[in-house]
file structure.cif (mmCIF, C-alpha atoms)
data_query
loop_
_atom_site.label_atom_id
_atom_site.label_comp_id
_atom_site.auth_asym_id
_atom_site.auth_seq_id
_atom_site.Cartn_x
_atom_site.Cartn_y
_atom_site.Cartn_z
CA SER T 1422 88.44 111.79 92.46
CA GLY T 1423 89.04 115.26 90.95
CA VAL T 1424 90.90 116.40 94.08
CA GLU T 1425 94.63 117.08 94.10
CA GLU T 1426 96.73 115.15 96.61
CA THR T 1427 95.87 116.15 100.16
CA THR T 1428 97.60 116.05 103.55
CA SER T 1429 96.04 115.05 106.87
CA THR T 1430 95.48 117.50 109.74
CA SER T 1431 94.73 116.95 113.43
CA ILE T 1432 91.30 118.58 113.08
CA GLU T 1433 88.70 115.81 112.95
CA GLY T 1434 85.64 114.50 114.76
CA GLN T 1435 83.27 111.57 115.02
CA PHE T 1436 79.64 112.60 114.52
CA GLN T 1437 76.38 110.76 115.15
CA ASP T 1438 73.70 112.77 113.40
CA PRO T 1439 70.71 111.36 111.45
CA ALA T 1440 71.00 114.27 109.00
CA GLY T 1441 74.73 113.65 108.43
CA ALA T 1442 75.65 117.05 109.89
CA PHE T 1443 79.14 117.88 111.18
CA VAL T 1444 80.98 120.89 112.63
CA LEU T 1445 84.77 121.32 112.78
CA SER T 1446 86.03 124.16 114.99
CA ASN T 1447 89.26 126.13 115.49
CA VAL T 1448 90.30 125.81 111.86
CA PRO T 1449 93.32 127.98 110.94
CA PRO T 1450 93.14 130.07 107.77
CA GLY T 1451 94.00 128.07 104.66
CA ASN T 1452 92.83 126.01 101.72
CA TYR T 1453 91.16 122.72 102.57
CA VAL T 1454 88.88 119.85 101.63
CA VAL T 1455 86.84 117.80 104.12
CA GLU T 1456 87.31 114.03 104.09
CA ALA T 1457 84.56 111.77 105.43
CA VAL T 1458 84.92 108.09 106.35
CA ALA T 1459 82.00 105.85 107.31
CA PRO T 1460 81.53 102.06 107.59
CA GLY T 1461 80.47 100.47 104.32
CA TYR T 1462 81.66 103.37 102.16
CA ALA T 1463 84.87 104.44 100.50
CA PRO T 1464 86.31 107.67 101.95
CA GLY T 1465 85.08 110.79 100.13
CA PHE T 1466 86.08 114.44 99.72
CA SER T 1467 84.25 117.74 99.59
CA GLU T 1468 85.05 120.35 96.98
CA LYS T 1469 88.03 122.60 97.74
CA PHE T 1470 87.35 125.72 99.82
CA THR T 1471 89.21 128.53 101.59
CA ILE T 1472 88.69 129.76 105.15
CA THR T 1473 90.01 133.05 106.57
CA GLN T 1474 90.52 134.19 110.16
CA ALA T 1475 87.36 133.97 112.31
CA GLN T 1476 85.30 133.01 109.25
CA SER T 1477 82.51 130.42 109.25
CA VAL T 1478 82.18 128.32 106.10
CA THR T 1479 78.84 126.53 105.75
CA GLY T 1480 77.21 124.24 103.22
CA ILE T 1481 80.16 121.89 102.79
CA THR T 1482 78.97 118.53 101.44
CA VAL T 1483 80.78 115.21 101.12
CA ARG T 1484 79.35 112.40 99.00
CA LEU T 1485 80.33 108.82 99.80
CA GLY T 1486 80.25 105.91 97.39
CA ALA T 1487 80.98 102.21 97.57
CA GLY T 1488 84.43 102.66 96.05
CA GLY T 1489 86.33 99.74 94.56
CA GLN T 1490 88.09 96.55 95.61
CA ILE T 1491 91.42 94.83 95.15
CA VAL T 1492 91.25 91.02 95.11
CA GLY T 1493 93.76 88.25 94.47
CA VAL T 1494 95.32 85.04 95.73
CA VAL T 1495 98.80 84.68 97.24
CA LEU T 1496 100.86 81.57 96.45
CA ASP T 1497 104.20 80.28 97.71
CA PRO T 1498 107.08 79.33 95.33
CA ALA T 1499 105.58 75.84 94.90
CA GLY T 1500 102.17 77.25 93.97
CA ALA T 1501 100.48 76.44 97.29
CA PRO T 1502 98.23 79.04 98.99
CA VAL T 1503 99.86 81.30 101.57
CA ALA T 1504 97.56 81.80 104.57
CA ARG T 1505 97.85 84.83 106.88
CA ALA T 1506 99.93 86.87 104.40
CA ARG T 1507 99.50 90.59 105.08
CA VAL T 1508 98.26 92.60 102.10
CA SER T 1509 98.26 96.40 102.37
CA THR T 1510 97.76 99.45 100.18
CA LYS T 1511 100.07 102.46 100.04
CA PRO T 1512 100.44 105.56 97.88
CA ASN T 1513 101.80 104.54 94.48
CA ASP T 1514 105.14 106.32 95.07
CA TRP T 1515 105.62 104.96 98.61
CA THR T 1516 109.18 103.69 99.17
CA GLY T 1517 109.17 102.74 102.84
CA SER T 1518 112.20 105.01 103.32
CA GLU T 1519 112.94 106.69 106.65
CA PHE T 1520 111.58 109.91 105.13
CA ASP T 1521 108.27 108.25 104.15
CA LEU T 1522 107.99 106.57 107.54
CA ALA T 1523 108.68 109.87 109.34
CA LEU T 1524 105.93 111.61 107.34
CA GLY T 1525 103.43 108.84 108.14
CA ASN T 1526 99.94 110.00 107.19
CA GLN T 1527 101.36 113.47 106.41
CA LEU T 1528 102.56 112.13 103.05
CA PRO T 1529 100.37 113.88 100.44
CA SER T 1530 98.03 111.24 98.99
CA ASN T 1531 94.35 110.47 98.41
CA VAL T 1532 94.60 106.67 98.44
CA THR T 1533 92.78 104.59 101.04
CA GLN T 1534 95.41 102.93 103.19
CA ALA T 1535 93.95 99.54 104.06
CA GLU T 1536 95.22 96.19 105.29
CA THR T 1537 93.95 92.62 105.35
CA TYR T 1538 95.21 89.04 105.62
CA THR T 1539 94.80 86.12 103.24
CA ASN T 1540 92.49 83.25 104.20
CA ALA T 1541 93.38 79.54 104.24
CA ASP T 1542 93.10 79.46 100.43
CA GLY T 1543 95.47 82.43 100.05
CA GLU T 1544 92.62 84.70 98.93
CA PHE T 1545 92.18 88.31 99.99
CA THR T 1546 89.83 91.25 99.40
CA LEU T 1547 90.51 94.90 100.18
CA GLU T 1548 87.19 96.76 100.15
CA ALA T 1549 85.83 100.32 100.10
CA LEU T 1550 88.88 101.81 98.39
CA ARG T 1551 88.76 105.28 96.89
CA PRO T 1552 89.27 105.01 93.09
CA GLU T 1553 92.95 105.91 92.71
CA LYS T 1554 96.31 104.48 91.60
CA TYR T 1555 97.75 102.27 94.36
CA GLN T 1556 100.80 100.39 95.50
CA VAL T 1557 100.04 96.95 96.97
CA ARG T 1558 102.46 95.19 99.32
CA VAL T 1559 102.30 91.51 100.26
CA VAL T 1560 104.28 90.12 103.22
CA GLY T 1561 104.35 86.41 104.06
CA THR T 1562 106.36 84.67 106.79
CA GLY T 1563 109.69 83.40 105.45
CA LEU T 1564 109.11 84.88 101.98
CA CYS T 1565 110.27 88.02 100.17
CA GLU T 1566 107.94 91.01 100.20
CA VAL T 1567 106.11 91.57 96.91
CA ILE T 1568 105.60 95.19 95.79
CA MET T 1569 103.07 95.93 93.05
CA THR T 1570 102.74 99.47 91.69
CA ASP T 1571 100.37 101.25 89.30
CA VAL T 1572 97.36 99.24 90.54
CA ILE T 1573 94.34 101.26 89.35
CA VAL T 1574 91.18 100.71 91.40
CA PRO T 1575 87.95 101.37 89.48
CA ASP T 1576 84.86 102.89 91.06
CA GLY T 1577 82.21 100.31 91.93
CA ALA T 1578 84.24 97.35 90.66
CA ALA T 1579 87.12 95.06 91.64
CA LYS T 1580 90.71 95.09 90.39
CA ASP T 1581 91.73 91.41 90.24
CA LEU T 1582 95.47 90.95 90.74
CA GLY T 1583 95.15 87.24 89.99
CA ALA T 1584 97.78 84.86 91.39
CA ILE T 1585 100.63 86.58 93.23
CA GLN T 1586 103.50 84.10 93.56
CA MET T 1587 105.99 84.91 96.29
CA ILE T 1588 109.63 83.83 96.27
CA GLU T 1589 112.08 82.65 98.90
CA GLY T 1590 114.94 84.94 99.74
CA GLY T 1591 118.57 84.21 100.50
CA THR T 1592 120.48 84.55 103.76
CA ILE T 1593 123.39 86.88 104.45
CA SER T 1594 125.79 86.37 107.35
CA GLY T 1595 129.06 87.95 108.39
CA LYS T 1596 130.86 89.81 111.15
CA VAL T 1597 131.46 93.45 112.10
CA PHE T 1598 134.96 94.60 113.06
CA ASP T 1599 136.51 97.93 114.01
CA GLN T 1600 139.54 99.46 112.26
CA ALA T 1601 141.91 97.46 114.46
CA GLY T 1602 140.20 94.18 113.55
CA ARG T 1603 138.42 93.76 116.90
CA PRO T 1604 134.84 92.36 116.79
CA VAL T 1605 132.06 94.91 117.40
CA GLY T 1606 129.32 93.18 119.36
CA ASN T 1607 126.64 95.89 119.50
CA ALA T 1608 126.25 96.91 115.85
CA ARG T 1609 122.95 97.26 114.01
CA VAL T 1610 123.15 95.97 110.46
CA ALA T 1611 120.75 96.76 107.62
CA LEU T 1612 120.57 95.76 103.98
CA ARG T 1613 120.90 98.61 101.48
CA ILE T 1614 120.64 98.53 97.69
CA ASP T 1615 123.86 99.21 95.79
CA GLY T 1616 122.69 101.82 93.31
CA ARG T 1617 125.76 101.34 91.11
CA SER T 1618 124.72 97.78 90.27
CA GLY T 1619 121.10 98.59 89.53
CA GLY T 1620 119.92 96.18 92.21
CA SER T 1621 116.44 96.45 93.66
CA LEU T 1622 114.00 94.68 95.90
CA PRO T 1623 111.51 92.39 94.12
CA ARG T 1624 108.80 94.35 92.31
CA PHE T 1625 105.93 92.92 90.32
CA TYR T 1626 104.03 95.24 87.99
CA ASN T 1627 100.45 94.73 86.82
#
call {"tool": "encode", "arguments": {"input": "structure.cif", "output": "structure tokens"}}
result
Amino acid sequence: SGVEETTSTSIEGQFQDPAGAFVLSNVPPGNYVVEAVAPGYAPGFSEKFTITQAQSVTGITVRLGAGGQIVGVVLDPAGAPVARARVSTKPNDWTGSEFDLALGNQLPSNVTQAETYTNADGEFTLEALRPEKYQVRVVGTGLCEVIMTDVIVPDGAAKDLGAIQMIEGGTISGKVFDQAGRPVGNARVALRIDGRSGGSLPRFYN
């Protein structure tokens, strides 16, 4: 895209103008690009520009293209299609950590965050994606999440991920006690990766 990673602001607007004109007001001094999103197009950026106090910047243009696609088919461990699996795109370095979740759309990135569900044949298509390097996550009921990184979306073409075979996970059970050995009935438990053992959640690289 030629634009360094950007961060969202709260300054935006929806415009209905046959000439494609827009005006954004009350912009603090700083360095910016304008992002435009419209149905049927991949999101696009303007060139970088700087605005100072009480300045008006005119002539900003944003060009939109068709973008690219990510396609594939999701299968269960037996090779049968998985219907209604959720397939989503994230920035390539997204971890899902509390820090990433707290940042939300403030995480610097130019990827198009999109989401869809597989059909009855396990097939999916994510459309109008800005050409970038993506992370793709697949979640199916009763199956382990699949995380695919370094998925490069070309401009005007589709990146075919082929068959994505999900796996079944195991079950962990136990009890929580205090120091005196008494059961603790209101604890929240969460699975964490033991970094010493090199363990990790399932990742599939294309």
call {"tool": "atom_distance", "arguments": {"input": "structure.cif", "atom1": "CA of Val1444 (chain T)", "atom2": "CA of Thr1427 (chain T)"}}
result
20.0 Å
call {"tool": "resolve_selection", "arguments": {"input": "structure.cif", "expression": "the PyMOL selection byres ((chain T and resi 1562) around 12)", "output": "PDB file with C-alpha atoms, in the coordinates of the input"}}
result
ATOM      1  CA  ASP T1497     104.200  80.280  97.710  1.00  0.00           C
ATOM      2  CA  VAL T1503      99.860  81.300 101.570  1.00  0.00           C
ATOM      3  CA  ALA T1504      97.560  81.800 104.570  1.00  0.00           C
ATOM      4  CA  ARG T1505      97.850  84.830 106.880  1.00  0.00           C
ATOM      5  CA  ALA T1506      99.930  86.870 104.400  1.00  0.00           C
ATOM      6  CA  ARG T1507      99.500  90.590 105.080  1.00  0.00           C
ATOM      7  CA  VAL T1559     102.300  91.510 100.260  1.00  0.00           C
ATOM      8  CA  VAL T1560     104.280  90.120 103.220  1.00  0.00           C
ATOM      9  CA  GLY T1561     104.350  86.410 104.060  1.00  0.00           C
ATOM     10  CA  GLY T1563     109.690  83.400 105.450  1.00  0.00           C
ATOM     11  CA  LEU T1564     109.110  84.880 101.980  1.00  0.00           C
ATOM     12  CA  CYS T1565     110.270  88.020 100.170  1.00  0.00           C
ATOM     13  CA  GLU T1566     107.940  91.010 100.200  1.00  0.00           C
ATOM     14  CA  MET T1587     105.990  84.910  96.290  1.00  0.00           C
ATOM     15  CA  ILE T1588     109.630  83.830  96.270  1.00  0.00           C
ATOM     16  CA  GLU T1589     112.080  82.650  98.900  1.00  0.00           C
ATOM     17  CA  GLY T1590     114.940  84.940  99.740  1.00  0.00           C
TER      18      GLY T1590
END
call {"tool": "closest_residue", "arguments": {"input": "structure.cif", "among": "T:Val1454, T:Met1569, T:Val1483, T:Ile1593", "to": "Ala1611 (chain T)", "atoms": "only C-alpha atoms"}}
result
T:Ile1593
call {"tool": "resolve_selection", "arguments": {"input": "structure.cif", "expression": "the PyMOL selection byres ((chain T and resi 1463) around 9)", "output": "list in words"}}
result
Ala1457, Val1458, Ala1459, Pro1460, Gly1461, Tyr1462, Pro1464, Gly1465, Leu1485, Gly1486, Ala1487, Gly1488, Gly1489, Thr1533, Glu1548, Ala1549, Leu1550, Arg1551 and Pro1552 of chain T
call {"tool": "write_last_selection", "arguments": {"input": "structure.cif", "atoms": "C-alpha atoms", "output": "PDB file, keeping the file's coordinate frame"}}
result
ATOM      1  CA  ALA T1457      84.560 111.770 105.430  1.00  0.00           C
ATOM      2  CA  VAL T1458      84.920 108.090 106.350  1.00  0.00           C
ATOM      3  CA  ALA T1459      82.000 105.850 107.310  1.00  0.00           C
ATOM      4  CA  PRO T1460      81.530 102.060 107.590  1.00  0.00           C
ATOM      5  CA  GLY T1461      80.470 100.470 104.320  1.00  0.00           C
ATOM      6  CA  TYR T1462      81.660 103.370 102.160  1.00  0.00           C
ATOM      7  CA  PRO T1464      86.310 107.670 101.950  1.00  0.00           C
ATOM      8  CA  GLY T1465      85.080 110.790 100.130  1.00  0.00           C
ATOM      9  CA  LEU T1485      80.330 108.820  99.800  1.00  0.00           C
ATOM     10  CA  GLY T1486      80.250 105.910  97.390  1.00  0.00           C
ATOM     11  CA  ALA T1487      80.980 102.210  97.570  1.00  0.00           C
ATOM     12  CA  GLY T1488      84.430 102.660  96.050  1.00  0.00           C
ATOM     13  CA  GLY T1489      86.330  99.740  94.560  1.00  0.00           C
ATOM     14  CA  THR T1533      92.780 104.590 101.040  1.00  0.00           C
ATOM     15  CA  GLU T1548      87.190  96.760 100.150  1.00  0.00           C
ATOM     16  CA  ALA T1549      85.830 100.320 100.100  1.00  0.00           C
ATOM     17  CA  LEU T1550      88.880 101.810  98.390  1.00  0.00           C
ATOM     18  CA  ARG T1551      88.760 105.280  96.890  1.00  0.00           C
ATOM     19  CA  PRO T1552      89.270 105.010  93.090  1.00  0.00           C
TER      20      PRO T1552
END
call {"tool": "closest_residue", "arguments": {"input": "structure.cif", "among": "T:Ile1491, T:Leu1612, T:Ala1499, T:Val1508", "to": "Gly1577 (chain T)", "atoms": "all atoms listed in the file"}}
result
T:Ile1491
call {"tool": "closest_residue", "arguments": {"input": "structure.cif", "among": "T:Val1494, T:Leu1582, T:Val1610, T:Ala1440", "to": "Ser1594 (chain T)", "atoms": "only C-alpha atoms"}}
result
T:Val1610
call {"tool": "closest_residue", "arguments": {"input": "structure.cif", "among": "T:Ile1432, T:Leu1445, T:Ile1481, T:Val1492", "to": "Gly1583 (chain T)", "atoms": "all atoms listed in the file"}}
result
T:Val1492
call {"tool": "closest_residue", "arguments": {"input": "structure.cif", "among": "T:Asp1438, T:Ala1501, T:Val1597, T:Ala1578", "to": "Ala1541 (chain T)", "atoms": "only C-alpha atoms"}}
result
T:Ala1501
call {"tool": "closest_residue", "arguments": {"input": "structure.cif", "among": "T:Thr1592, T:Asn1452, T:Asn1447, T:Ser1509", "to": "Thr1539 (chain T)", "atoms": "all atoms listed in the file"}}
result
T:Ser1509
call {"tool": "atom_distance", "arguments": {"input": "structure.cif", "atom1": "CA of Ser1467 (chain T)", "atom2": "CA of Glu1553 (chain T)"}}
result
16.2 Å
call {"tool": "resolve_selection", "arguments": {"input": "structure.cif", "expression": "the PyMOL selection byres ((chain T and resi 1555) around 6)", "output": "ChimeraX atom specification"}}
result
/T:1512-1513,1554,1556,1571-1572
call {"tool": "atom_distance", "arguments": {"input": "structure.cif", "atom1": "CA of Gln1476 (chain T)", "atom2": "CA of Ser1446 (chain T)"}}
result
10.6 Å
call {"tool": "residues_around", "arguments": {"input": "structure.cif", "residues": "Thr1510 (chain T)", "least_positions_apart": "4", "cutoff": "7 Å", "atoms": "only C-alpha atoms", "output": "list of chain:residue names"}}
result
T:Gln1534, T:Ala1535, T:Glu1536, T:Tyr1555, T:Gln1556, T:Val1557, T:Arg1558
call {"tool": "residues_near_point", "arguments": {"input": "structure.cif", "point": "(84.3, 93.0, 98.8)", "cutoff": "7 Å", "atoms": "only C-alpha atoms", "output": "PyMOL selection string"}}
result
chain T and resi 1490+1546-1548
call {"tool": "residues_around", "arguments": {"input": "structure.cif", "residues": "Ile1585 (chain T)", "least_positions_apart": "5", "cutoff": "8 Å", "atoms": "all atoms listed in the file", "output": "PDB file with C-alpha atoms, in the coordinates of the input"}}
result
ATOM      1  CA  GLY T1493      93.760  88.250  94.470  1.00  0.00           C
ATOM      2  CA  VAL T1494      95.320  85.040  95.730  1.00  0.00           C
ATOM      3  CA  VAL T1495      98.800  84.680  97.240  1.00  0.00           C
ATOM      4  CA  LEU T1496     100.860  81.570  96.450  1.00  0.00           C
TER       5      LEU T1496
END
